Structure formats: structure tokens, C-alpha cells
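Novice: Below you'll find final-v2.cif; it's mmCIF, C-alpha atoms.
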data_model
loop_
_atom_site.label_atom_id
_atom_site.label_comp_id
_atom_site.auth_asym_id
_atom_site.auth_seq_id
_atom_site.Cartn_x
_atom_site.Cartn_y
_atom_site.Cartn_z
CA MET K 1 -7.14 38.78 9.26
CA SER K 2 -10.65 37.39 8.60
CA HIS K 3 -11.64 34.04 10.05
CA ALA K 4 -12.02 32.54 6.56
CA LEU K 5 -8.54 33.69 5.50
CA TRP K 6 -7.07 32.37 8.75
CA ARG K 7 -8.66 28.96 8.14
CA ASN K 8 -7.27 28.75 4.61
CA ARG K 9 -3.78 29.70 5.73
CA ALA K 10 -3.95 27.29 8.65
CA ILE K 11 -4.94 24.28 6.61
CA LYS K 12 -2.46 25.01 3.81
CA SER K 13 0.33 25.42 6.32
CA CYS K 14 -0.53 22.12 8.03
CA LEU K 15 -0.10 20.23 4.76
CA LEU K 16 2.95 22.19 3.60
CA ILE K 17 5.02 21.51 6.70
CA LYS K 18 4.81 17.77 6.05
CA LEU K 19 7.07 18.40 3.10
CA THR K 20 9.30 21.08 4.61
CA ILE K 21 10.15 19.79 8.08
CA PRO K 22 12.70 17.16 6.96
CA ILE K 23 14.81 19.75 5.15
CA MET K 24 14.46 22.71 7.48
CA LYS K 25 17.55 23.70 9.46
CA LEU K 26 15.77 25.93 11.94
CA SER K 27 15.49 25.71 15.70
CA SER K 28 12.13 24.67 17.16
CA LYS K 29 11.51 28.22 18.41
CA LYS K 30 12.23 29.81 15.03
CA MET K 31 10.12 27.20 13.19
CA GLU K 32 7.19 27.95 15.49
CA LYS K 33 7.54 31.70 14.92
CA ASN K 34 7.64 31.28 11.13
CA ASN K 35 4.68 28.91 11.11
CA PRO K 36 2.20 29.36 14.00
CA TYR K 37 0.30 26.23 12.90
CA LEU K 38 3.34 23.95 13.16
CA PHE K 39 2.30 22.33 16.42
CA SER K 40 -1.45 22.20 15.76
CA SER K 41 -3.56 19.05 15.67
CA LEU K 42 -3.90 19.27 11.88
CA SER K 43 -0.16 19.42 11.27
CA ASN K 44 0.16 16.03 12.95
CA ILE K 45 -2.16 14.22 10.58
CA GLY K 46 -0.21 11.56 8.71
CA GLY K 47 3.36 10.49 9.24
CA THR K 48 2.24 7.50 11.31
CA GLY K 49 4.60 4.70 12.24
CA ALA K 50 4.65 1.15 10.93
CA VAL K 51 5.27 -2.17 12.71
CA LEU K 52 6.05 -5.73 11.71
CA LEU K 53 3.49 -8.20 13.04
CA ASN K 54 5.99 -11.04 13.45
CA LYS K 55 3.82 -13.07 15.82
CA ILE K 56 0.98 -13.19 13.31
CA ILE K 57 3.00 -13.76 10.15
CA ASN K 58 6.22 -15.63 10.93
CA PRO K 59 9.06 -14.07 8.90
CA GLY K 60 10.81 -17.45 9.04
CA ALA K 61 8.21 -18.74 6.59
CA GLY K 62 9.35 -16.25 3.96
CA SER K 63 6.74 -13.52 4.49
CA LYS K 64 6.45 -10.32 6.51
CA LEU K 65 3.47 -8.19 7.47
CA TYR K 66 3.95 -4.42 7.71
CA ALA K 67 1.10 -2.54 9.37
CA LYS K 68 0.66 1.22 9.66
CA LEU K 69 -0.54 2.48 13.04
CA GLU K 70 -3.27 4.90 11.97
CA SER K 71 -4.51 5.34 15.53
CA LEU K 72 -1.52 7.67 15.95
CA ASN K 73 -3.33 10.36 13.95
CA PRO K 74 -4.66 13.11 16.27
CA GLY K 75 -8.27 12.10 15.60
CA GLY K 76 -7.38 8.48 16.34
CA SER K 77 -7.93 6.95 12.91
CA VAL K 78 -6.91 6.74 9.26
CA LYS K 79 -9.93 8.92 8.40
CA ASP K 80 -8.10 12.07 9.50
CA ARG K 81 -6.22 11.97 6.19
CA PRO K 82 -9.16 12.16 3.74
CA ALA K 83 -11.15 14.43 6.05
CA LEU K 84 -8.35 17.00 5.97
CA TYR K 85 -7.98 16.76 2.19
CA MET K 86 -11.71 17.14 1.56
CA ILE K 87 -12.05 20.16 3.84
CA LYS K 88 -8.91 21.77 2.43
CA ASN K 89 -10.24 21.37 -1.11
CA ALA K 90 -13.63 22.81 -0.14
CA LEU K 91 -12.06 25.87 1.46
CA GLU K 92 -9.78 26.48 -1.52
CA LYS K 93 -12.67 26.25 -4.00
CA GLY K 94 -15.03 28.37 -1.91
CA LEU K 95 -17.45 25.47 -1.38
CA LEU K 96 -17.16 25.90 2.39
CA LYS K 97 -17.63 29.46 3.64
CA ASP K 98 -18.25 31.32 6.87
CA ASN K 99 -21.42 30.33 8.75
CA MET K 100 -21.79 27.11 6.75
CA THR K 101 -21.99 23.65 8.32
CA ILE K 102 -20.19 20.49 7.25
CA ILE K 103 -22.81 17.74 6.90
CA ASP K 104 -22.19 14.07 6.13
CA SER K 105 -22.91 10.52 7.19
CA SER K 106 -20.41 8.35 9.02
CA SER K 107 -20.18 5.04 10.85
CA GLY K 108 -17.96 6.88 13.32
CA ASN K 109 -14.36 7.53 12.40
CA THR K 110 -14.83 10.02 9.57
CA GLY K 111 -17.36 11.83 11.72
CA ILE K 112 -14.78 12.12 14.49
CA SER K 113 -12.21 13.44 12.01
CA PHE K 114 -14.62 16.09 10.69
CA ALA K 115 -15.53 16.96 14.28
CA MET K 116 -11.89 17.41 15.31
CA ILE K 117 -10.97 19.49 12.25
CA GLY K 118 -14.16 21.51 12.57
CA ALA K 119 -13.37 22.27 16.21
CA PHE K 120 -9.89 23.52 15.33
CA LEU K 121 -11.05 25.65 12.38
CA GLY K 122 -14.22 26.94 14.04
CA ILE K 123 -16.58 25.24 11.58
CA LYS K 124 -19.89 23.69 12.63
CA VAL K 125 -20.34 19.98 11.90
CA LYS K 126 -23.48 17.83 11.65
CA ILE K 127 -23.12 14.05 11.34
CA TYR K 128 -25.74 11.36 10.69
CA ALA K 129 -24.73 7.95 12.05
CA PRO K 130 -26.31 4.57 12.87
CA SER K 131 -27.49 4.43 16.47
CA ASN K 132 -25.68 1.15 17.12
CA MET K 133 -22.19 2.56 16.70
CA SER K 134 -20.07 2.44 19.84
CA GLU K 135 -20.87 4.81 22.69
CA GLU K 136 -17.28 6.05 22.75
CA ARG K 137 -17.49 7.33 19.20
CA LYS K 138 -20.76 9.11 19.91
CA LYS K 139 -19.23 10.81 22.96
CA ILE K 140 -16.07 11.86 21.11
CA MET K 141 -18.01 13.60 18.35
CA ARG K 142 -20.21 15.41 20.84
CA LEU K 143 -17.20 16.48 22.89
CA PHE K 144 -15.82 18.23 19.79
CA GLY K 145 -19.12 20.11 19.54
CA THR K 146 -20.59 18.18 16.64
CA GLU K 147 -24.35 17.85 16.22
CA LEU K 148 -24.90 14.08 16.04
CA ILE K 149 -28.14 12.72 14.59
CA LEU K 150 -28.60 8.98 15.19
CA THR K 151 -30.47 6.93 12.61
CA PRO K 152 -32.19 3.54 13.11
CA ALA K 153 -29.70 0.71 13.55
CA GLU K 154 -31.69 -1.59 11.28
CA GLU K 155 -31.12 0.83 8.39
CA SER K 156 -27.35 0.43 8.84
CA HIS K 157 -25.08 3.03 7.29
CA ASP K 158 -27.19 3.28 4.13
CA GLY K 159 -29.94 4.83 6.28
CA ALA K 160 -27.54 7.45 7.63
CA ILE K 161 -26.42 8.27 4.09
CA LYS K 162 -30.03 8.64 2.89
CA ARG K 163 -31.09 10.88 5.76
CA SER K 164 -28.02 13.12 5.51
CA MET K 165 -28.69 13.58 1.79
CA GLU K 166 -32.32 14.50 2.53
CA GLU K 167 -31.26 17.16 5.05
CA TYR K 168 -28.63 18.47 2.64
CA ALA K 169 -31.31 18.82 -0.04
CA ARG K 170 -33.55 20.71 2.40
CA GLY K 171 -30.86 23.09 3.59
CA GLY K 172 -29.08 23.62 0.29
CA LYS K 173 -25.55 24.64 -0.64
CA ASP K 174 -25.76 28.00 1.12
CA LEU K 175 -26.24 26.31 4.49
CA TYR K 176 -24.31 23.07 4.10
CA TYR K 177 -21.12 21.69 2.63
CA MET K 178 -21.28 17.93 2.09
CA PRO K 179 -17.86 16.30 1.58
CA ASP K 180 -19.56 13.16 0.18
CA GLN K 181 -16.75 10.84 1.24
CA TYR K 182 -18.04 7.99 -0.93
CA ASN K 183 -17.57 9.93 -4.17
CA ASN K 184 -15.09 12.71 -3.38
CA PRO K 185 -11.77 12.02 -5.20
CA CYS K 186 -9.91 13.88 -2.45
CA ASN K 187 -10.57 10.80 -0.31
CA PRO K 188 -8.33 8.38 -2.26
CA LEU K 189 -6.02 11.25 -3.20
CA ALA K 190 -5.13 11.69 0.48
CA HIS K 191 -3.97 8.07 0.63
CA TYR K 192 -2.22 8.29 -2.74
CA GLU K 193 -0.18 11.29 -1.61
CA THR K 194 0.44 10.36 2.04
CA THR K 195 -0.36 6.82 3.18
CA ALA K 196 1.17 5.11 0.16
CA ALA K 197 4.21 7.39 0.08
CA GLU K 198 4.87 6.69 3.75
CA LEU K 199 4.53 2.93 3.26
CA LEU K 200 7.02 2.94 0.39
CA ASN K 201 9.47 4.96 2.46
CA GLN K 202 9.06 2.82 5.59
CA THR K 203 9.40 -0.50 3.76
CA GLY K 204 11.94 0.60 1.19
CA GLY K 205 9.36 -0.41 -1.41
CA ASN K 206 9.75 -4.03 -0.31
CA ILE K 207 6.04 -4.85 -0.70
CA ASP K 208 4.54 -7.71 -2.70
CA CYS K 209 0.93 -7.40 -1.62
CA PHE K 210 -1.20 -4.65 -0.10
CA ALA K 211 -4.52 -5.69 1.39
CA THR K 212 -7.21 -3.82 3.30
CA GLY K 213 -10.97 -3.66 3.73
CA ILE K 214 -13.53 -1.45 2.01
CA GLY K 215 -15.53 1.22 3.80
CA THR K 216 -15.55 4.08 1.33
CA GLY K 217 -12.79 2.44 -0.70
CA GLY K 218 -10.52 5.47 -0.43
CA THR K 219 -7.66 3.66 1.29
CA ILE K 220 -7.40 0.68 -1.04
CA LEU K 221 -7.74 2.76 -4.22
CA GLY K 222 -5.41 5.57 -3.18
CA VAL K 223 -2.68 3.35 -1.76
CA GLY K 224 -3.17 0.71 -4.43
CA LYS K 225 -2.85 3.12 -7.34
CA ARG K 226 0.43 4.57 -6.08
CA LEU K 227 1.92 1.19 -5.23
CA LYS K 228 1.15 -0.08 -8.71
CA GLU K 229 2.74 3.00 -10.25
CA TYR K 230 5.83 2.21 -8.20
CA ASN K 231 5.80 -1.50 -9.11
CA ASP K 232 3.04 -2.97 -11.24
CA LYS K 233 3.78 -6.44 -9.86
CA ILE K 234 2.45 -5.50 -6.43
CA LYS K 235 -0.88 -7.21 -5.80
CA VAL K 236 -3.72 -5.13 -4.35
CA ILE K 237 -6.34 -7.22 -2.59
CA ALA K 238 -9.67 -6.16 -1.10
CA ILE K 239 -10.74 -7.81 2.14
CA VAL K 240 -14.54 -7.98 2.35
CA PRO K 241 -17.09 -9.35 4.85
CA ASP K 242 -18.65 -12.71 4.01
CA SER K 243 -22.13 -11.72 5.15
CA GLU K 244 -24.43 -8.73 4.92
CA MET K 245 -25.06 -9.16 8.67
CA HIS K 246 -21.38 -8.84 9.57
CA GLY K 247 -20.08 -7.15 12.71
CA ILE K 248 -17.06 -5.26 11.35
CA GLU K 249 -17.74 -1.59 12.07
CA GLY K 250 -16.99 0.77 9.20
CA TRP K 251 -17.08 -1.89 6.45
CA LYS K 252 -19.80 -2.08 3.81
CA TYR K 253 -21.09 -5.34 2.34
CA ASN K 254 -22.77 -3.68 -0.63
CA TYR K 255 -19.96 -1.29 -1.48
CA SER K 256 -19.50 0.88 -4.55
CA LEU K 257 -16.29 2.44 -5.79
CA ASN K 258 -16.95 5.69 -7.67
CA PHE K 259 -13.89 7.91 -7.38
CA GLU K 260 -12.90 9.86 -10.47
CA GLY K 261 -9.32 9.09 -11.46
CA PHE K 262 -9.18 5.87 -9.42
CA ASP K 263 -10.43 2.98 -11.56
CA HIS K 264 -10.92 0.00 -9.25
CA ASN K 265 -10.78 -2.37 -12.23
CA LYS K 266 -7.17 -1.32 -12.81
CA ILE K 267 -6.17 -1.28 -9.14
CA ILE K 268 -7.77 -4.21 -7.29
CA ASP K 269 -6.43 -7.63 -8.31
CA ASP K 270 -8.28 -9.98 -6.00
CA PHE K 271 -10.78 -10.29 -3.14
CA ILE K 272 -10.75 -12.34 0.06
CA LYS K 273 -13.79 -12.86 2.30
CA VAL K 274 -13.54 -12.87 6.09
CA ASP K 275 -16.06 -13.88 8.71
CA THR K 276 -16.81 -11.77 11.75
CA GLU K 277 -15.84 -14.31 14.40
CA GLY K 278 -12.51 -15.03 12.75
CA SER K 279 -11.84 -11.29 12.58
CA TYR K 280 -12.65 -10.90 16.28
CA ALA K 281 -10.34 -13.80 17.15
CA MET K 282 -7.52 -12.17 15.19
CA LEU K 283 -8.17 -8.86 16.91
CA LYS K 284 -7.70 -10.63 20.24
CA ARG K 285 -4.37 -12.02 19.03
CA ILE K 286 -3.15 -8.59 17.91
CA ILE K 287 -3.98 -7.13 21.31
CA LYS K 288 -2.72 -10.01 23.43
CA GLU K 289 0.35 -11.03 21.40
CA GLU K 290 1.49 -7.90 19.56
CA GLY K 291 0.51 -5.44 22.32
CA LEU K 292 -1.50 -3.22 19.98
CA LEU K 293 -4.94 -1.98 21.06
CA CYS K 294 -6.71 -1.88 17.70
CA GLY K 295 -10.28 -1.71 16.48
CA PHE K 296 -12.47 -4.24 14.67
CA SER K 297 -11.34 -3.45 11.13
CA SER K 298 -7.71 -3.98 12.15
CA GLY K 299 -8.56 -7.51 13.19
CA ALA K 300 -10.38 -8.10 9.92
CA ASN K 301 -7.50 -6.70 7.84
CA VAL K 302 -4.92 -8.88 9.53
CA TYR K 303 -7.20 -11.94 9.44
CA GLY K 304 -7.65 -11.46 5.70
CA ILE K 305 -3.89 -11.33 5.18
CA TYR K 306 -3.45 -14.38 7.42
CA LYS K 307 -5.76 -16.26 5.05
CA LEU K 308 -4.02 -14.82 1.98
CA ALA K 309 -0.62 -16.01 3.18
CA GLY K 310 -1.57 -19.48 2.01
CA LYS K 311 -2.10 -18.22 -1.55
CA TYR K 312 0.46 -15.43 -1.92
CA ARG K 313 4.10 -15.31 -0.84
CA GLY K 314 6.24 -12.31 -0.03
CA ASN K 315 5.81 -9.18 2.03
CA PHE K 316 2.34 -7.93 2.92
CA ALA K 317 1.30 -4.44 3.97
CA THR K 318 -1.90 -3.11 5.49
CA VAL K 319 -3.25 -0.40 7.77
CA LEU K 320 -4.53 -0.74 11.32
CA PRO K 321 -7.25 1.91 10.86
CA ASP K 322 -8.06 2.93 14.42
CA THR K 323 -7.73 2.31 18.14
CA GLY K 324 -9.61 -0.19 20.25
CA SER K 325 -10.12 2.44 22.95
CA ARG K 326 -13.24 3.67 21.13
CA TYR K 327 -14.90 0.24 21.35
CA LEU K 328 -14.31 -0.69 24.99
CA SER K 329 -18.04 -0.64 25.80
CA THR K 330 -18.89 -3.18 23.09
CA ARG K 331 -19.59 -6.84 23.75
CA VAL K 332 -16.49 -8.03 21.93
CA PHE K 333 -14.11 -5.99 24.05
CA THR K 334 -15.83 -6.84 27.33
CA GLU K 335 -15.37 -10.52 26.49
CA LEU K 336 -11.71 -10.34 25.42
#
Now, as a test, write the supplied structure out as C-alpha cells.

Specialist:
Amino acid sequence: MSHALWRNRAIKSCLLIKLTIPIMKLSSKKMEKNNPYLFSSLSNIGGTGAVLLNKIINPGAGSKLYAKLESLNPGGSVKDRPALYMIKNALEKGLLKDNMTIIDSSSGNTGISFAMIGAFLGIKVKIYAPSNMSEERKKIMRLFGTELILTPAEESHDGAIKRSMEEYARGGKDLYYMPDQYNNPCNPLAHYETTAAELLNQTGGNIDCFATGIGTGGTILGVGKRLKEYNDKIKVIAIVPDSEMHGIEGWKYNYSLNFEGFDHNKIIDDFIKVDTEGSYAMLKRIIKEEGLLCGFSSGANVYGIYKLAGKYRGNFATVLPDTGSRYLSTRVFTEL
């Protein structure tokens, strides 16, 4: 079997078993024989657990907060989901072939997801990222064998995007495949088909409001669209930084939402602004009170919902996008 054919079968199998495992009546040994990719890293993307943050939102006040633990993905973040969908789509359409390199920009988590998947499938990966992202995330990408090009911190993530696009233009489509996570509809589709479906199953559909931040916008649009199809009374709220000079890694201040088939005007109902210090303080509470080692965006998500609880009543849902273990060297974590 050629390497390209093996990759296609591997990635299709990893997605298929998500649907087949609950109804299979086979022993573990027989399942493994029938599907050699069953216990791979890719087959464990998605299916993350959810928790109630009862110490942050008191259920006695008439509201609950469900949060999905996306750090349980093998790459350590919610970005494993869209990364897998984008690469799967590229392989199926012949956009990603042997001897080609995946190239993209990332503030860290998507780059790690591409690096992990690339390592498993034997695909080279090149990531452009701001130099001020955490040292842990730089090291993780390099450990997976990814070529990491750091761009000036003062250019923020927009600088990484610009430089990756310039290199892609120089190398061309025969050398590179660019997933283009900010415009690729497979990004929100991953959340529509997996994250949202899992949330509905875990909560019994008992959700009144879903709120999360915007990096690429894939999570809020994918989850939001499916939740509204399930119940059009569910509110979908974007949590955004209050300043261009914010310190919430992975979030964009000047965001754009350009995914075909996911009209943000029909999905997002409201916006709530959060400040960096308040988000850090909430992150400390999540770690110290709920016993969950989360990253910066988790603190910002929960802080936004904490503020929303004064305006909206009912049950809230969000995602805790990644783990705090990849930020331990940062000032915020050393001061916790």
C-alpha cells in the first residue's frame, strides 16, 4: 500500500470509528484487528468530557455553566478538531499530496494540532507564529518535527499570517498546502458535526446560551449554527477582548468571520467585552476552586459568561479550549 493511500485510509478510519464504536459488539482485540487505526492519536480527537462549574456559577441562583474540557484532545486543545477536518478534506480532494508541506500561521494551538497530525501521517509541517507565544508551545511544535518560523511580536498574529501567505506564494501549490484556517469552512464544520453534537448529548439539549471567544471564529459559528438548528431560542454570544493590546492568547481583536455556509449575522446574537486582568483573575479561580488547569482563553470564556449571568438567565455552555500546562513559563502563571 502506498504512503498516500495509507494516509487516506488512516484519517477516514479515525473519523468513522467515532460513529461506529457505540454500536459495535466486538471485543477490543477483534476491533483492533478490523481497524488498525482504532487506538491511534487521531481516533481520540473529539469525544471530550464536560463539567459543571458550580463554584463559578451557583446553580442555586437558577443557572448552570457546562464547560467542555478540550484539553483532553490528544494535541491538548480544541484545535485538534478543525485541524483534522481540514487535513482530511485536503487529502480527499488531492490538495495535499506526497512530498508536500502543510504551511499556515498560528498563535500556537492550531500549529500544535497540525504538528501532531503531520507527525502521525508522515507529512511535513511549517508554521509561522508570533515570537511572543509561550515557550511551551514552541517546544511542543518542534518536538513533533515541525519547522517553526517566529515572526516579530509587535506584528502580532497578523504578521504571522502575512508572512506565511508570502512564503506560500513563493513556493506555490506544488510545494505547499495551506489549510487557511481563517477561511476554510471545514473549520466550523468540525465543530458543527462534533463539538455541538457532543454538547447536546451531554446536556440533554438543556442549553439556553452558548458563549465563547473568537480566534478564527470556527468554534462559535460551528457550534452556534447547530445549536440554533436544534432550538432557535438558544442565544449565541461572542466574548471579545476590550482592547487591541489585550493579553488573551489566541484571540483576535480585529477579527473577521468569512466561512462559507456559516453566516455570522444569523448565528451570533450578542457580544460581551472582557478585560485581560478580569480574565486572568477568573482563570485563577478556575484553577484554584474548580481544580482545572486551563489556559488563558478558558479564563476569558468563563469570565464573559460570569458577566453575562447578570443579563441572561438559564443554562450556559462554553468550551475550555486548552490546558494551562503550555503556559507555565508565562508571567501570569508564575504569579498565580

Novice: Going by the chain IDs and residue numbers used in this file, which residues fall under the PyMOL selection byres ((chain K and resi 312) around 12)? Write them as a PyMOL selection string.

Specialist: chain K and resi 61-64+208-211+234-237+270+272+304-311+313-316

Novice: May I have the selected residues written with C-alpha atoms, as a short mmCIF file (atom, residue, chain, number, x, y, z; two decimals), keeping the file's coordinate frame?

Specialist:
data_model
loop_
_atom_site.label_atom_id
_atom_site.label_comp_id
_atom_site.auth_asym_id
_atom_site.auth_seq_id
_atom_site.Cartn_x
_atom_site.Cartn_y
_atom_site.Cartn_z
CA ALA K 61 8.21 -18.74 6.59
CA GLY K 62 9.35 -16.25 3.96
CA SER K 63 6.74 -13.52 4.49
CA LYS K 64 6.45 -10.32 6.51
CA ASP K 208 4.54 -7.71 -2.70
CA CYS K 209 0.93 -7.40 -1.62
CA PHE K 210 -1.20 -4.65 -0.10
CA ALA K 211 -4.52 -5.69 1.39
CA ILE K 234 2.45 -5.50 -6.43
CA LYS K 235 -0.88 -7.21 -5.80
CA VAL K 236 -3.72 -5.13 -4.35
CA ILE K 237 -6.34 -7.22 -2.59
CA ASP K 270 -8.28 -9.98 -6.00
CA ILE K 272 -10.75 -12.34 0.06
CA GLY K 304 -7.65 -11.46 5.70
CA ILE K 305 -3.89 -11.33 5.18
CA TYR K 306 -3.45 -14.38 7.42
CA LYS K 307 -5.76 -16.26 5.05
CA LEU K 308 -4.02 -14.82 1.98
CA ALA K 309 -0.62 -16.01 3.18
CA GLY K 310 -1.57 -19.48 2.01
CA LYS K 311 -2.10 -18.22 -1.55
CA ARG K 313 4.10 -15.31 -0.84
CA GLY K 314 6.24 -12.31 -0.03
CA ASN K 315 5.81 -9.18 2.03
CA PHE K 316 2.34 -7.93 2.92
#

Novice: Using all atoms listed in the file, which of the listed residues (K:Ser298, K:Ser329, K:Thr212, K:Ser41) sits closest to Thr276 of chain K?

Specialist: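 Looking at the shortest contact to Thr276 of chain K, the residue is K:Ser298.
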
Novice: When the PyMOL selection byres ((chain K and resi 44-60) around 9) is applied to the file above, which residues end up in the set, as an NGL selection string?

Specialist: :K and (14-15 or 18 or 38-43 or 61-75 or 78 or 80-81 or 84 or 194-195 or 198-199 or 202-203 or 282 or 285-286 or 289-290 or 302 or 305-306 or 309 or 319)

Novice: Just give me the gap between atom CA of Glu135 of chain K and atom CA of Lys88 of chain K in Å, one decimal is fine.

Specialist: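 For atom CA of Glu135 of chain K relative to atom CA of Lys88 of chain K, the distance reads 29.0 Å.
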
Novice: Could you list, as a PyMOL selection string, every residue within 12 Å of segment 250-254 of chain K, counting only C-alpha atoms and ignoring same-chain residues fewer than 6 positions away?

Specialist: chain K and resi 77-79+105-111+129-130+132-134+137+156-158+182+212-217+238-244+273-276+295-298+300-301+321-322

Novice: I'd like the contact shell of Lys124 of chain K - 9 Å cut-off, only C-alpha atoms, skipping same-chain residues fewer than 4 positions apart - returned as number ranges by chain.

Specialist: K: 99-103, 115, 118-119, 145-147

Novice: Any idea what's packed within 10 Å of segment 334-336 of chain K, counting only C-alpha atoms, ignoring anything in its chain fewer than 2 positions away? Could you give it as a PyMOL selection string?

Specialist: chain K and resi 280-281+283-285+287-288+327-332

Novice: In Å, how far is it from atom CA of Glu193 of chain K to atom CA of Thr219 of chain K?

Specialist: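 One can read the atom CA of Glu193 of chain K to atom CA of Thr219 of chain K distance as 11.1 Å.
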
Novice: With distances taken over all atoms listed in the file, which residue among K:Ile127, K:Ala317, K:Ile161, K:Met141 lies nearest Tyr176 of chain K?

Specialist: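 Once distances to Tyr176 of chain K are computed over all atoms listed in the file, the minimum belongs to K:Ile127.
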